[in-house]
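entry-v3.cif follows; it contains mmCIF, C-alpha atoms and all ligand atoms.
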data_target
#
loop_
_atom_site.group_PDB
_atom_site.id
_atom_site.type_symbol
_atom_site.label_atom_id
_atom_site.label_comp_id
_atom_site.auth_asym_id
_atom_site.auth_seq_id
_atom_site.Cartn_x
_atom_site.Cartn_y
_atom_site.Cartn_z
ATOM 1 C CA MET A 138 -218.979 1.380 42.625
ATOM 2 C CA SER A 139 -216.607 3.317 40.375
ATOM 3 C CA ALA A 140 -218.118 5.993 38.131
ATOM 4 C CA HIS A 141 -215.938 4.641 35.301
ATOM 5 C CA ALA A 142 -217.123 1.709 33.193
ATOM 6 C CA ALA A 143 -214.887 -1.378 33.418
ATOM 7 C CA PRO A 144 -212.484 -1.578 30.445
ATOM 8 C CA ALA A 145 -213.849 -3.840 27.719
ATOM 9 C CA LYS A 146 -212.313 -7.346 27.745
ATOM 10 C CA ARG A 147 -209.711 -7.842 25.040
ATOM 11 C CA VAL A 148 -210.566 -10.395 22.370
ATOM 12 C CA THR A 149 -208.354 -13.493 22.496
ATOM 13 C CA LEU A 150 -207.773 -16.438 20.161
ATOM 14 C CA ALA A 151 -209.448 -18.622 22.798
ATOM 15 C CA ALA A 152 -212.518 -16.372 22.648
ATOM 16 C CA LEU A 153 -212.650 -16.774 18.858
ATOM 17 C CA ALA A 154 -212.338 -20.551 19.163
ATOM 18 C CA ALA A 155 -215.204 -20.515 21.677
ATOM 19 C CA LYS A 156 -217.307 -18.506 19.212
ATOM 20 C CA LYS A 157 -216.658 -21.107 16.515
ATOM 21 C CA ASP A 158 -217.653 -23.909 18.898
ATOM 22 C CA ALA A 159 -220.811 -22.049 19.910
ATOM 23 C CA GLY A 160 -221.699 -21.217 16.290
ATOM 24 C CA GLU A 161 -221.477 -17.486 17.077
ATOM 25 C CA PRO A 162 -220.313 -15.542 14.005
ATOM 26 C CA ILE A 163 -216.956 -13.739 14.278
ATOM 27 C CA VAL A 164 -216.867 -10.175 12.940
ATOM 28 C CA MET A 165 -213.699 -9.039 11.204
ATOM 29 C CA VAL A 166 -213.206 -5.817 9.241
ATOM 30 C CA THR A 167 -210.278 -3.943 7.745
ATOM 31 C CA ALA A 168 -209.020 -0.565 8.973
ATOM 32 C CA TYR A 169 -206.125 1.520 7.716
ATOM 33 C CA ASP A 170 -205.757 4.551 9.989
ATOM 34 C CA HIS A 171 -206.418 5.916 13.471
ATOM 35 C CA PRO A 172 -209.957 7.287 12.956
ATOM 36 C CA GLY A 173 -210.903 4.083 11.122
ATOM 37 C CA ALA A 174 -209.597 2.032 14.047
ATOM 38 C CA GLN A 175 -211.607 4.091 16.519
ATOM 39 C CA ILE A 176 -214.754 3.584 14.417
ATOM 40 C CA VAL A 177 -214.414 -0.215 14.204
ATOM 41 C CA GLU A 178 -213.517 -0.410 17.903
ATOM 42 C CA ALA A 179 -216.633 1.606 18.784
ATOM 43 C CA ALA A 180 -218.704 -0.705 16.555
ATOM 44 C CA GLY A 181 -217.548 -3.667 18.653
ATOM 45 C CA VAL A 182 -215.899 -5.865 15.998
ATOM 46 C CA ASP A 183 -213.835 -8.879 17.095
ATOM 47 C CA VAL A 184 -210.863 -8.733 14.711
ATOM 48 C CA VAL A 185 -209.292 -5.866 12.748
ATOM 49 C CA LEU A 186 -207.159 -6.551 9.694
ATOM 50 C CA VAL A 187 -204.866 -3.895 8.299
ATOM 51 C CA GLY A 188 -205.174 -5.492 4.889
ATOM 52 C CA ASP A 189 -202.818 -4.897 2.021
ATOM 53 C CA SER A 190 -206.036 -3.799 0.277
ATOM 54 C CA ALA A 191 -204.746 -0.499 1.726
ATOM 55 C CA ALA A 192 -202.661 -0.377 -1.431
ATOM 56 C CA MET A 193 -205.831 0.386 -3.358
ATOM 57 C CA THR A 194 -208.216 1.846 -0.774
ATOM 58 C CA VAL A 195 -205.897 4.433 0.760
ATOM 59 C CA LEU A 196 -202.673 4.568 -1.272
ATOM 60 C CA GLY A 197 -204.095 4.700 -4.807
ATOM 61 C CA TYR A 198 -202.197 1.749 -6.325
ATOM 62 C CA ASP A 199 -204.118 -0.348 -8.830
ATOM 63 C CA SER A 200 -203.417 -3.663 -7.055
ATOM 64 C CA THR A 201 -202.062 -4.929 -3.734
ATOM 65 C CA VAL A 202 -198.733 -5.901 -5.302
ATOM 66 C CA PRO A 203 -196.736 -2.628 -5.052
ATOM 67 C CA VAL A 204 -197.390 -1.793 -1.381
ATOM 68 C CA THR A 205 -194.200 -1.905 0.722
ATOM 69 C CA ILE A 206 -193.444 -3.149 4.223
ATOM 70 C CA ASP A 207 -192.810 0.410 5.404
ATOM 71 C CA GLU A 208 -196.112 1.680 3.994
ATOM 72 C CA MET A 209 -197.997 -1.188 5.658
ATOM 73 C CA LEU A 210 -196.168 -0.633 8.941
ATOM 74 C CA MET A 211 -197.041 3.065 9.020
ATOM 75 C CA LEU A 212 -200.746 2.298 8.526
ATOM 76 C CA THR A 213 -200.714 -0.626 10.966
ATOM 77 C CA LYS A 214 -199.104 1.479 13.719
ATOM 78 C CA ALA A 215 -201.820 4.131 13.286
ATOM 79 C CA VAL A 216 -204.518 1.458 13.619
ATOM 80 C CA ARG A 217 -202.801 -0.015 16.714
ATOM 81 C CA ARG A 218 -202.952 3.402 18.414
ATOM 82 C CA GLY A 219 -206.733 3.439 17.900
ATOM 83 C CA LEU A 220 -207.529 -0.069 19.188
ATOM 84 C CA THR A 221 -207.828 -1.700 22.588
ATOM 85 C CA ARG A 222 -210.339 -4.554 22.466
ATOM 86 C CA PRO A 223 -210.206 -6.326 19.061
ATOM 87 C CA LEU A 224 -207.394 -8.582 17.870
ATOM 88 C CA LEU A 225 -205.119 -6.829 15.371
ATOM 89 C CA VAL A 226 -203.929 -8.694 12.262
ATOM 90 C CA GLY A 227 -201.151 -7.297 10.088
ATOM 91 C CA ASP A 228 -201.041 -8.293 6.424
ATOM 92 C CA LEU A 229 -197.565 -9.141 5.139
ATOM 93 C CA PRO A 230 -197.235 -7.548 1.691
ATOM 94 C CA PHE A 231 -196.292 -9.328 -1.530
ATOM 95 C CA GLY A 232 -192.561 -10.108 -1.670
ATOM 96 C CA SER A 233 -192.016 -9.708 2.062
ATOM 97 C CA TYR A 234 -192.273 -13.355 3.165
ATOM 98 C CA GLU A 235 -192.362 -15.846 0.267
ATOM 99 C CA ALA A 236 -188.654 -16.356 -0.476
ATOM 100 C CA SER A 237 -187.553 -17.995 2.790
ATOM 101 C CA ASP A 238 -188.523 -18.769 6.374
ATOM 102 C CA GLU A 239 -185.887 -16.271 7.537
ATOM 103 C CA LEU A 240 -187.411 -13.486 5.426
ATOM 104 C CA ALA A 241 -190.920 -14.327 6.658
ATOM 105 C CA ILE A 242 -189.809 -14.300 10.309
ATOM 106 C CA ALA A 243 -187.865 -11.045 9.956
ATOM 107 C CA THR A 244 -190.828 -9.290 8.299
ATOM 108 C CA ALA A 245 -193.425 -10.690 10.689
ATOM 109 C CA GLN A 246 -191.326 -9.711 13.705
ATOM 110 C CA ARG A 247 -191.432 -6.089 12.500
ATOM 111 C CA PHE A 248 -195.248 -6.209 12.360
ATOM 112 C CA VAL A 249 -195.386 -7.625 15.903
ATOM 113 C CA LYS A 250 -192.598 -5.544 17.438
ATOM 114 C CA GLU A 251 -192.985 -2.194 15.685
ATOM 115 C CA ALA A 252 -196.729 -2.174 14.948
ATOM 116 C CA GLY A 253 -198.056 -4.261 17.856
ATOM 117 C CA CYS A 254 -199.853 -6.887 15.751
ATOM 118 C CA ASP A 255 -201.380 -9.889 17.510
ATOM 119 C CA LEU A 256 -201.197 -12.010 14.343
ATOM 120 C CA VAL A 257 -199.923 -11.728 10.787
ATOM 121 C CA LYS A 258 -201.680 -12.873 7.612
ATOM 122 C CA ILE A 259 -200.002 -14.504 4.622
ATOM 123 C CA GLU A 260 -201.542 -15.644 1.331
ATOM 124 C CA ARG A 261 -201.728 -18.972 -0.548
ATOM 125 C CA GLY A 262 -200.989 -22.595 0.199
ATOM 126 C CA GLY A 263 -197.957 -24.327 -1.342
ATOM 127 C CA THR A 264 -194.680 -22.906 -0.067
ATOM 128 C CA THR A 265 -196.604 -20.475 2.150
ATOM 129 C CA VAL A 266 -197.455 -23.490 4.327
ATOM 130 C CA ASP A 267 -193.742 -23.775 5.200
ATOM 131 C CA ARG A 268 -193.590 -20.025 5.944
ATOM 132 C CA ALA A 269 -196.653 -20.373 8.205
ATOM 133 C CA ARG A 270 -195.013 -23.258 10.104
ATOM 134 C CA ALA A 271 -191.797 -21.285 10.550
ATOM 135 C CA LEU A 272 -193.667 -18.234 11.839
ATOM 136 C CA VAL A 273 -195.691 -20.307 14.313
ATOM 137 C CA GLN A 274 -192.480 -21.989 15.529
ATOM 138 C CA ALA A 275 -191.003 -18.506 15.977
ATOM 139 C CA GLY A 276 -193.929 -17.652 18.266
ATOM 140 C CA ILE A 277 -195.930 -15.536 15.836
ATOM 141 C CA PRO A 278 -199.621 -16.435 15.407
ATOM 142 C CA VAL A 279 -200.615 -16.701 11.743
ATOM 143 C CA VAL A 280 -203.772 -16.219 9.701
ATOM 144 C CA GLY A 281 -203.785 -18.134 6.395
ATOM 145 C CA HIS A 282 -205.601 -16.879 3.283
ATOM 146 C CA VAL A 283 -206.754 -19.200 0.466
ATOM 147 C CA GLY A 284 -209.188 -19.122 -2.436
ATOM 148 C CA LEU A 285 -208.765 -15.866 -4.324
ATOM 149 C CA THR A 286 -205.403 -14.539 -3.182
ATOM 150 C CA PRO A 287 -205.087 -10.998 -4.587
ATOM 151 C CA GLN A 288 -201.254 -10.872 -4.314
ATOM 152 C CA THR A 289 -201.066 -13.631 -6.952
ATOM 153 C CA ALA A 290 -204.333 -12.931 -8.786
ATOM 154 C CA THR A 291 -202.608 -12.885 -12.185
ATOM 155 C CA ALA A 292 -201.475 -16.481 -11.714
ATOM 156 C CA LEU A 293 -205.061 -17.406 -10.776
ATOM 157 C CA GLY A 294 -206.442 -15.936 -13.992
ATOM 158 C CA GLY A 295 -207.526 -12.616 -12.475
ATOM 159 C CA TYR A 296 -209.859 -11.537 -9.688
ATOM 160 C CA ARG A 297 -212.316 -14.408 -9.984
ATOM 161 C CA ALA A 298 -213.946 -17.002 -7.758
ATOM 162 C CA GLN A 299 -211.803 -20.068 -6.998
ATOM 163 C CA GLY A 300 -212.688 -23.701 -6.273
ATOM 164 C CA ARG A 301 -215.667 -23.890 -8.622
ATOM 165 C CA THR A 302 -214.878 -27.408 -9.905
ATOM 166 C CA ALA A 303 -214.476 -30.466 -7.652
ATOM 167 C CA ASP A 304 -210.739 -30.658 -8.443
ATOM 168 C CA ALA A 305 -210.196 -26.950 -7.811
ATOM 169 C CA ALA A 306 -212.231 -27.156 -4.591
ATOM 170 C CA LEU A 307 -210.086 -30.084 -3.425
ATOM 171 C CA ALA A 308 -206.942 -28.028 -4.016
ATOM 172 C CA VAL A 309 -208.356 -25.195 -1.854
ATOM 173 C CA ILE A 310 -209.353 -27.683 0.867
ATOM 174 C CA ASP A 311 -205.889 -29.336 0.784
ATOM 175 C CA ASP A 312 -204.197 -25.947 1.186
ATOM 176 C CA ALA A 313 -206.531 -25.036 4.053
ATOM 177 C CA VAL A 314 -205.897 -28.306 5.901
ATOM 178 C CA ALA A 315 -202.134 -27.927 5.389
ATOM 179 C CA LEU A 316 -202.226 -24.388 6.803
ATOM 180 C CA GLN A 317 -204.111 -25.616 9.881
ATOM 181 C CA GLU A 318 -201.590 -28.444 10.314
ATOM 182 C CA ALA A 319 -198.783 -25.879 10.033
ATOM 183 C CA GLY A 320 -200.270 -24.175 13.093
ATOM 184 C CA CYS A 321 -202.350 -21.302 11.670
ATOM 185 C CA SER A 322 -204.791 -19.835 14.190
ATOM 186 C CA MET A 323 -207.363 -18.694 11.665
ATOM 187 C CA LEU A 324 -208.071 -18.888 7.957
ATOM 188 C CA VAL A 325 -209.464 -16.273 5.565
ATOM 189 C CA VAL A 326 -211.220 -17.791 2.544
ATOM 190 C CA GLU A 327 -211.948 -15.414 -0.318
ATOM 191 C CA ALA A 328 -214.326 -15.811 -3.272
ATOM 192 C CA ILE A 329 -215.068 -19.521 -3.030
ATOM 193 C CA PRO A 330 -218.419 -21.333 -3.406
ATOM 194 C CA SER A 331 -220.438 -21.759 -0.222
ATOM 195 C CA GLU A 332 -220.346 -25.547 -0.652
ATOM 196 C CA VAL A 333 -216.553 -25.426 -0.273
ATOM 197 C CA THR A 334 -216.815 -23.136 2.756
ATOM 198 C CA GLU A 335 -219.212 -25.605 4.360
ATOM 199 C CA VAL A 336 -216.649 -28.405 3.955
ATOM 200 C CA LEU A 337 -213.877 -26.214 5.389
ATOM 201 C CA VAL A 338 -215.916 -25.138 8.401
ATOM 202 C CA SER A 339 -216.750 -28.726 9.287
ATOM 203 C CA ARG A 340 -213.241 -30.120 8.661
ATOM 204 C CA LEU A 341 -211.163 -27.384 10.294
ATOM 205 C CA ASP A 342 -210.896 -26.716 14.009
ATOM 206 C CA ILE A 343 -209.655 -23.155 13.449
ATOM 207 C CA PRO A 344 -212.105 -20.327 12.659
ATOM 208 C CA VAL A 345 -212.785 -19.889 8.935
ATOM 209 C CA ILE A 346 -213.468 -16.257 8.056
ATOM 210 C CA GLY A 347 -215.159 -15.721 4.713
ATOM 211 C CA ILE A 348 -215.203 -12.884 2.218
ATOM 212 C CA GLY A 349 -217.349 -13.791 -0.743
ATOM 213 C CA ALA A 350 -217.526 -17.320 0.668
ATOM 214 C CA GLY A 351 -221.174 -17.539 1.718
ATOM 215 C CA ALA A 352 -223.009 -17.590 5.011
ATOM 216 C CA ASP A 353 -221.543 -20.831 6.370
ATOM 217 C CA ALA A 354 -218.170 -19.412 7.386
ATOM 218 C CA ASP A 355 -217.386 -19.043 11.110
ATOM 219 C CA GLY A 356 -217.121 -15.302 10.541
ATOM 220 C CA GLN A 357 -217.088 -12.638 7.875
ATOM 221 C CA VAL A 358 -214.605 -9.963 6.823
ATOM 222 C CA LEU A 359 -215.237 -6.951 4.592
ATOM 223 C CA VAL A 360 -213.108 -4.032 3.501
ATOM 224 C CA PHE A 361 -213.934 -0.852 5.492
ATOM 225 C CA HIS A 362 -214.095 1.361 2.389
ATOM 226 C CA ASP A 363 -216.361 -1.096 0.557
ATOM 227 C CA LEU A 364 -218.896 -1.584 3.333
ATOM 228 C CA LEU A 365 -219.098 2.131 4.083
ATOM 229 C CA GLY A 366 -219.241 3.237 0.442
ATOM 230 C CA LEU A 367 -216.010 5.249 0.716
ATOM 231 C CA TYR A 368 -214.133 3.751 -2.197
ATOM 232 C CA ASP A 369 -214.815 5.184 -5.642
ATOM 233 C CA GLY A 370 -214.103 1.995 -7.533
ATOM 234 C CA GLY A 371 -215.933 -1.106 -8.680
ATOM 235 C CA ALA A 372 -216.878 -3.437 -5.851
ATOM 236 C CA ALA A 373 -216.931 -7.239 -5.979
ATOM 237 C CA LYS A 374 -220.264 -9.073 -6.108
ATOM 238 C CA PHE A 375 -220.010 -10.082 -2.449
ATOM 239 C CA VAL A 376 -219.740 -6.529 -1.121
ATOM 240 C CA LYS A 377 -222.755 -5.103 0.653
ATOM 241 C CA ARG A 378 -222.801 -1.366 1.305
ATOM 242 C CA TYR A 379 -224.048 -0.384 4.739
ATOM 243 C CA ALA A 380 -223.499 3.363 4.229
ATOM 244 C CA GLU A 381 -222.731 5.823 1.441
ATOM 245 C CA LEU A 382 -220.009 7.880 3.108
ATOM 246 C CA ARG A 383 -218.368 9.042 -0.132
ATOM 247 C CA VAL A 384 -221.644 10.626 -1.256
ATOM 248 C CA ALA A 385 -222.027 12.284 2.158
ATOM 249 C CA ALA A 386 -218.383 13.448 2.124
ATOM 250 C CA VAL A 387 -218.587 14.987 -1.366
ATOM 251 C CA ALA A 388 -221.843 16.730 -0.408
ATOM 252 C CA GLY A 389 -220.191 18.098 2.748
ATOM 253 C CA VAL A 390 -217.134 19.469 0.927
ATOM 254 C CA GLU A 391 -219.356 20.931 -1.822
ATOM 255 C CA ALA A 392 -221.473 22.731 0.791
ATOM 256 C CA TYR A 393 -218.289 24.146 2.380
ATOM 257 C CA ALA A 394 -216.974 25.307 -1.021
ATOM 258 C CA THR A 395 -220.285 26.989 -1.831
ATOM 259 C CA GLU A 396 -220.392 28.828 1.506
ATOM 260 C CA VAL A 397 -216.792 30.031 1.150
ATOM 261 C CA ARG A 398 -217.474 31.280 -2.368
ATOM 262 C CA GLU A 399 -220.696 33.007 -1.287
ATOM 263 C CA GLY A 400 -219.148 34.585 1.817
ATOM 264 C CA VAL A 401 -221.465 32.655 4.152
ATOM 265 C CA TYR A 402 -218.605 30.851 5.919
ATOM 266 C CA PRO A 403 -217.005 31.829 8.228
ATOM 267 C CA ALA A 404 -219.820 33.534 10.187
ATOM 268 C CA PRO A 405 -219.023 35.710 13.255
ATOM 269 C CA GLU A 406 -219.426 32.733 15.607
ATOM 270 C CA HIS A 407 -216.532 30.943 13.877
ATOM 271 C CA GLY A 408 -214.039 33.743 14.625
ATOM 272 C CA TYR A 409 -212.309 35.515 17.505
ATOM 273 C CA ALA A 410 -212.780 39.117 18.764
ATOM 274 C CA MET A 411 -210.305 41.403 20.496
ATOM 275 C CA ALA A 412 -210.776 42.141 24.178
ATOM 276 C CA ALA A 413 -213.094 45.086 24.952
ATOM 277 C CA GLY A 414 -211.568 48.440 23.966
ATOM 278 C CA GLU A 415 -208.498 46.887 22.329
ATOM 279 C CA SER A 416 -209.705 47.421 18.768
ATOM 280 C CA ASP A 417 -210.088 51.213 19.375
ATOM 281 C CA ARG A 418 -206.675 51.301 21.057
ATOM 282 C CA LEU A 419 -205.129 49.477 18.086
ATOM 283 C CA GLN A 420 -206.561 52.079 15.719
ATOM 284 C CA GLU A 421 -205.048 54.857 17.889
ATOM 285 C CA LEU A 422 -201.660 53.149 17.882
ATOM 286 C CA LEU A 423 -201.804 52.662 14.117
ATOM 287 C CA SER A 424 -202.771 56.333 13.595
ATOM 288 C CA ALA A 425 -199.932 57.402 15.879
ATOM 289 C CA GLY A 426 -197.546 55.421 13.678
ATOM 290 C CA ASP A 427 -196.388 53.019 16.367
ATOM 291 C CA SER A 428 -194.531 50.011 15.020
ATOM 292 C CA ILE A 429 -196.382 46.746 15.224
ATOM 293 C CA HIS A 430 -192.945 45.138 15.694
ATOM 294 C CA ARG A 431 -191.980 46.964 18.874
ATOM 295 C CA ALA A 432 -191.211 44.899 21.930
HETATM 296 O O1 LIG S 501 -206.158 -7.101 2.170
HETATM 297 C C1 LIG S 501 -207.299 -7.336 2.605
HETATM 298 O O2 LIG S 501 -208.087 -6.435 2.921
HETATM 299 C C2 LIG S 501 -207.696 -8.733 2.727
HETATM 300 C C3 LIG S 501 -209.143 -9.009 3.041
HETATM 301 C C4 LIG S 501 -209.964 -8.761 1.862
HETATM 302 C C5 LIG S 501 -209.320 -10.364 3.601
HETATM 303 O O3 LIG S 501 -206.905 -9.597 2.565
#

Could you render the structure from this file as structure tokens?
Amino acid sequence: MSAHAAPAKRVTLAALAAKKDAGEPIVMVTAYDHPGAQIVEAAGVDVVLVGDSAAMTVLGYDSTVPVTIDEMLMLTKAVRRGLTRPLLVGDLPFGSYEASDELAIATAQRFVKEAGCDLVKIERGGTTVDRARALVQAGIPVVGHVGLTPQTATALGGYRAQGRTADAALAVIDDAVALQEAGCSMLVVEAIPSEVTEVLVSRLDIPVIGIGAGADADGQVLVFHDLLGLYDGGAAKFVKRYAELRVAAVAGVEAYATEVREGVYPAPEHGYAMAAGESDRLQELLSAGDSIHRA
């Protein structure tokens, strides 16, 4: 038997569909860079989304709207280099796909070709359903996203739960069904009541991944920085923190700063020494006035 462990089996869309059928929750998480990708890979997640939440979590914008295709591509490529097993989803940024099928295909092809994405995610129902159909026909697997869609949050009345009345819930369900009929492979549902998620999970054949959508979804997704406590901003009600990395990071940098200021760091073991006798010889050469620049 080889001393090396067999490479982990890559996650496939068929494997996700089997999980839905078996009632086994799908684990999806965002990542935005190479170390983040290596962490989520090591944790054994099924799907990694390079979300346009990167605009806020790593690029410092105050919404997802300003992030550009090139910024998203740079981050997505870094994540790709850190992943082998999970499926990789690229998030098409606001303004990069809505205007026409041609625009959507051209943008999505860049995420597949340049950044190695397995799927791309686009937000909303309505005209996005046509974009989803065009992408699927062009051979690009698509993840839909309904409920609270941050790219168009202003039009939804802000960052608030969607589908809380029967009429509003029906609109979310109609969009979700239309996205499945357009050929989407998966659906993210954000900030909707669990009763609506329950309907979606039973009516849709594709996996329904929830964020702030209750426990009935086929899987869950959270933002890396939120779940690890890395993001110094307000978190939505549905976020659960599994670590407090920002607190640990600030404490670490403070300890370093203190040791530098107090002359504790670096200690001898953090430095290099000259070979035996070379320090004395250097002193002799310096006393003799030899140039340190001689050949
Ligand atoms: O951009 C993002 O991170 C997302 C998830 C919250 C689903 O769309």

Problem set entry | Near-A:Asp312 list (8 Å; all atoms listed in the file; drop same-chain fewer than 2 positions) as a PyMOL selection string | chain A and resi 261-263+266+283+308-310+314-316

For this session: Taking all atoms listed in the file into account, report as a ChimeraX atom specification which residues have an atom no farther than 7 Å from an atom of ligand LIG 501 (chain S).
Result: /A:167,186-191,228,325,327,348,358-360

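Atom pair atom CA of A:Leu367 / atom CA of A:Gln288: separated by 22.4 Å.
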
Could you list, as a PDB file with C-alpha atoms, in the frame of the given file, every residue matched by the PyMOL selection byres (((chain A and resi 281) around 9) and not hetatm) in this structure?
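Generated output (selection.pdb):
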ATOM      1  CA  VAL A 257    -199.923 -11.728  10.787  1.00  0.00           C
ATOM      2  CA  LYS A 258    -201.680 -12.873   7.612  1.00  0.00           C
ATOM      3  CA  ILE A 259    -200.002 -14.504   4.622  1.00  0.00           C
ATOM      4  CA  GLU A 260    -201.542 -15.644   1.331  1.00  0.00           C
ATOM      5  CA  ARG A 261    -201.728 -18.972  -0.548  1.00  0.00           C
ATOM      6  CA  GLY A 262    -200.989 -22.595   0.199  1.00  0.00           C
ATOM      7  CA  THR A 265    -196.604 -20.475   2.150  1.00  0.00           C
ATOM      8  CA  VAL A 266    -197.455 -23.490   4.327  1.00  0.00           C
ATOM      9  CA  ALA A 269    -196.653 -20.373   8.205  1.00  0.00           C
ATOM     10  CA  VAL A 279    -200.615 -16.701  11.743  1.00  0.00           C
ATOM     11  CA  VAL A 280    -203.772 -16.219   9.701  1.00  0.00           C
ATOM     12  CA  HIS A 282    -205.601 -16.879   3.283  1.00  0.00           C
ATOM     13  CA  VAL A 283    -206.754 -19.200   0.466  1.00  0.00           C
ATOM     14  CA  ALA A 313    -206.531 -25.036   4.053  1.00  0.00           C
ATOM     15  CA  LEU A 316    -202.226 -24.388   6.803  1.00  0.00           C
ATOM     16  CA  GLN A 317    -204.111 -25.616   9.881  1.00  0.00           C
ATOM     17  CA  CYS A 321    -202.350 -21.302  11.670  1.00  0.00           C
ATOM     18  CA  SER A 322    -204.791 -19.835  14.190  1.00  0.00           C
ATOM     19  CA  MET A 323    -207.363 -18.694  11.665  1.00  0.00           C
ATOM     20  CA  LEU A 324    -208.071 -18.888   7.957  1.00  0.00           C
ATOM     21  CA  VAL A 325    -209.464 -16.273   5.565  1.00  0.00           C
ATOM     22  CA  VAL A 326    -211.220 -17.791   2.544  1.00  0.00           C
TER      23      VAL A 326
END

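Atom CA of A:Gly253 is positioned 6.5 Å from atom CA of A:Arg217.
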
Given the file shown, determine the residues that the PyMOL selection byres (((chain A and resi 365) around 10) and not hetatm) selects; report them as a short mmCIF file (atom, residue, chain, number, x, y, z; two decimals) with C-alpha atoms, in the coordinates of the input.
data_model
loop_
_atom_site.label_atom_id
_atom_site.label_comp_id
_atom_site.auth_asym_id
_atom_site.auth_seq_id
_atom_site.Cartn_x
_atom_site.Cartn_y
_atom_site.Cartn_z
CA LEU A 359 -215.24 -6.95 4.59
CA VAL A 360 -213.11 -4.03 3.50
CA PHE A 361 -213.93 -0.85 5.49
CA HIS A 362 -214.10 1.36 2.39
CA ASP A 363 -216.36 -1.10 0.56
CA LEU A 364 -218.90 -1.58 3.33
CA GLY A 366 -219.24 3.24 0.44
CA LEU A 367 -216.01 5.25 0.72
CA TYR A 368 -214.13 3.75 -2.20
CA LYS A 377 -222.76 -5.10 0.65
CA ARG A 378 -222.80 -1.37 1.30
CA TYR A 379 -224.05 -0.38 4.74
CA ALA A 380 -223.50 3.36 4.23
CA GLU A 381 -222.73 5.82 1.44
CA LEU A 382 -220.01 7.88 3.11
CA ARG A 383 -218.37 9.04 -0.13
#

Exercise. Which residue out of A:Val376, A:Met411, A:Val195, A:Cys254 has the minimum interatomic distance to A:Gly173 when only C-alpha atoms are used?
Worked result: A:Val195

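The space between atom CA of A:Glu318 and atom CA of A:Arg147 spans 26.6 Å.
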
Exercise. Which polymer residues have any atom within 10 Å of an atom of A:Ile163, counting only C-alpha atoms, with same-chain residues fewer than 3 positions away left out, as a VMD selection string?
Worked result: chain A and resid 152 to 154 156 to 157 160 182 to 184 344 to 347 354 to 358

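Counting only C-alpha atoms and comparing A:Leu220, A:Ala215, A:Ala386, A:Ala155, the residue that lies closest to A:Asp342 is A:Ala155.
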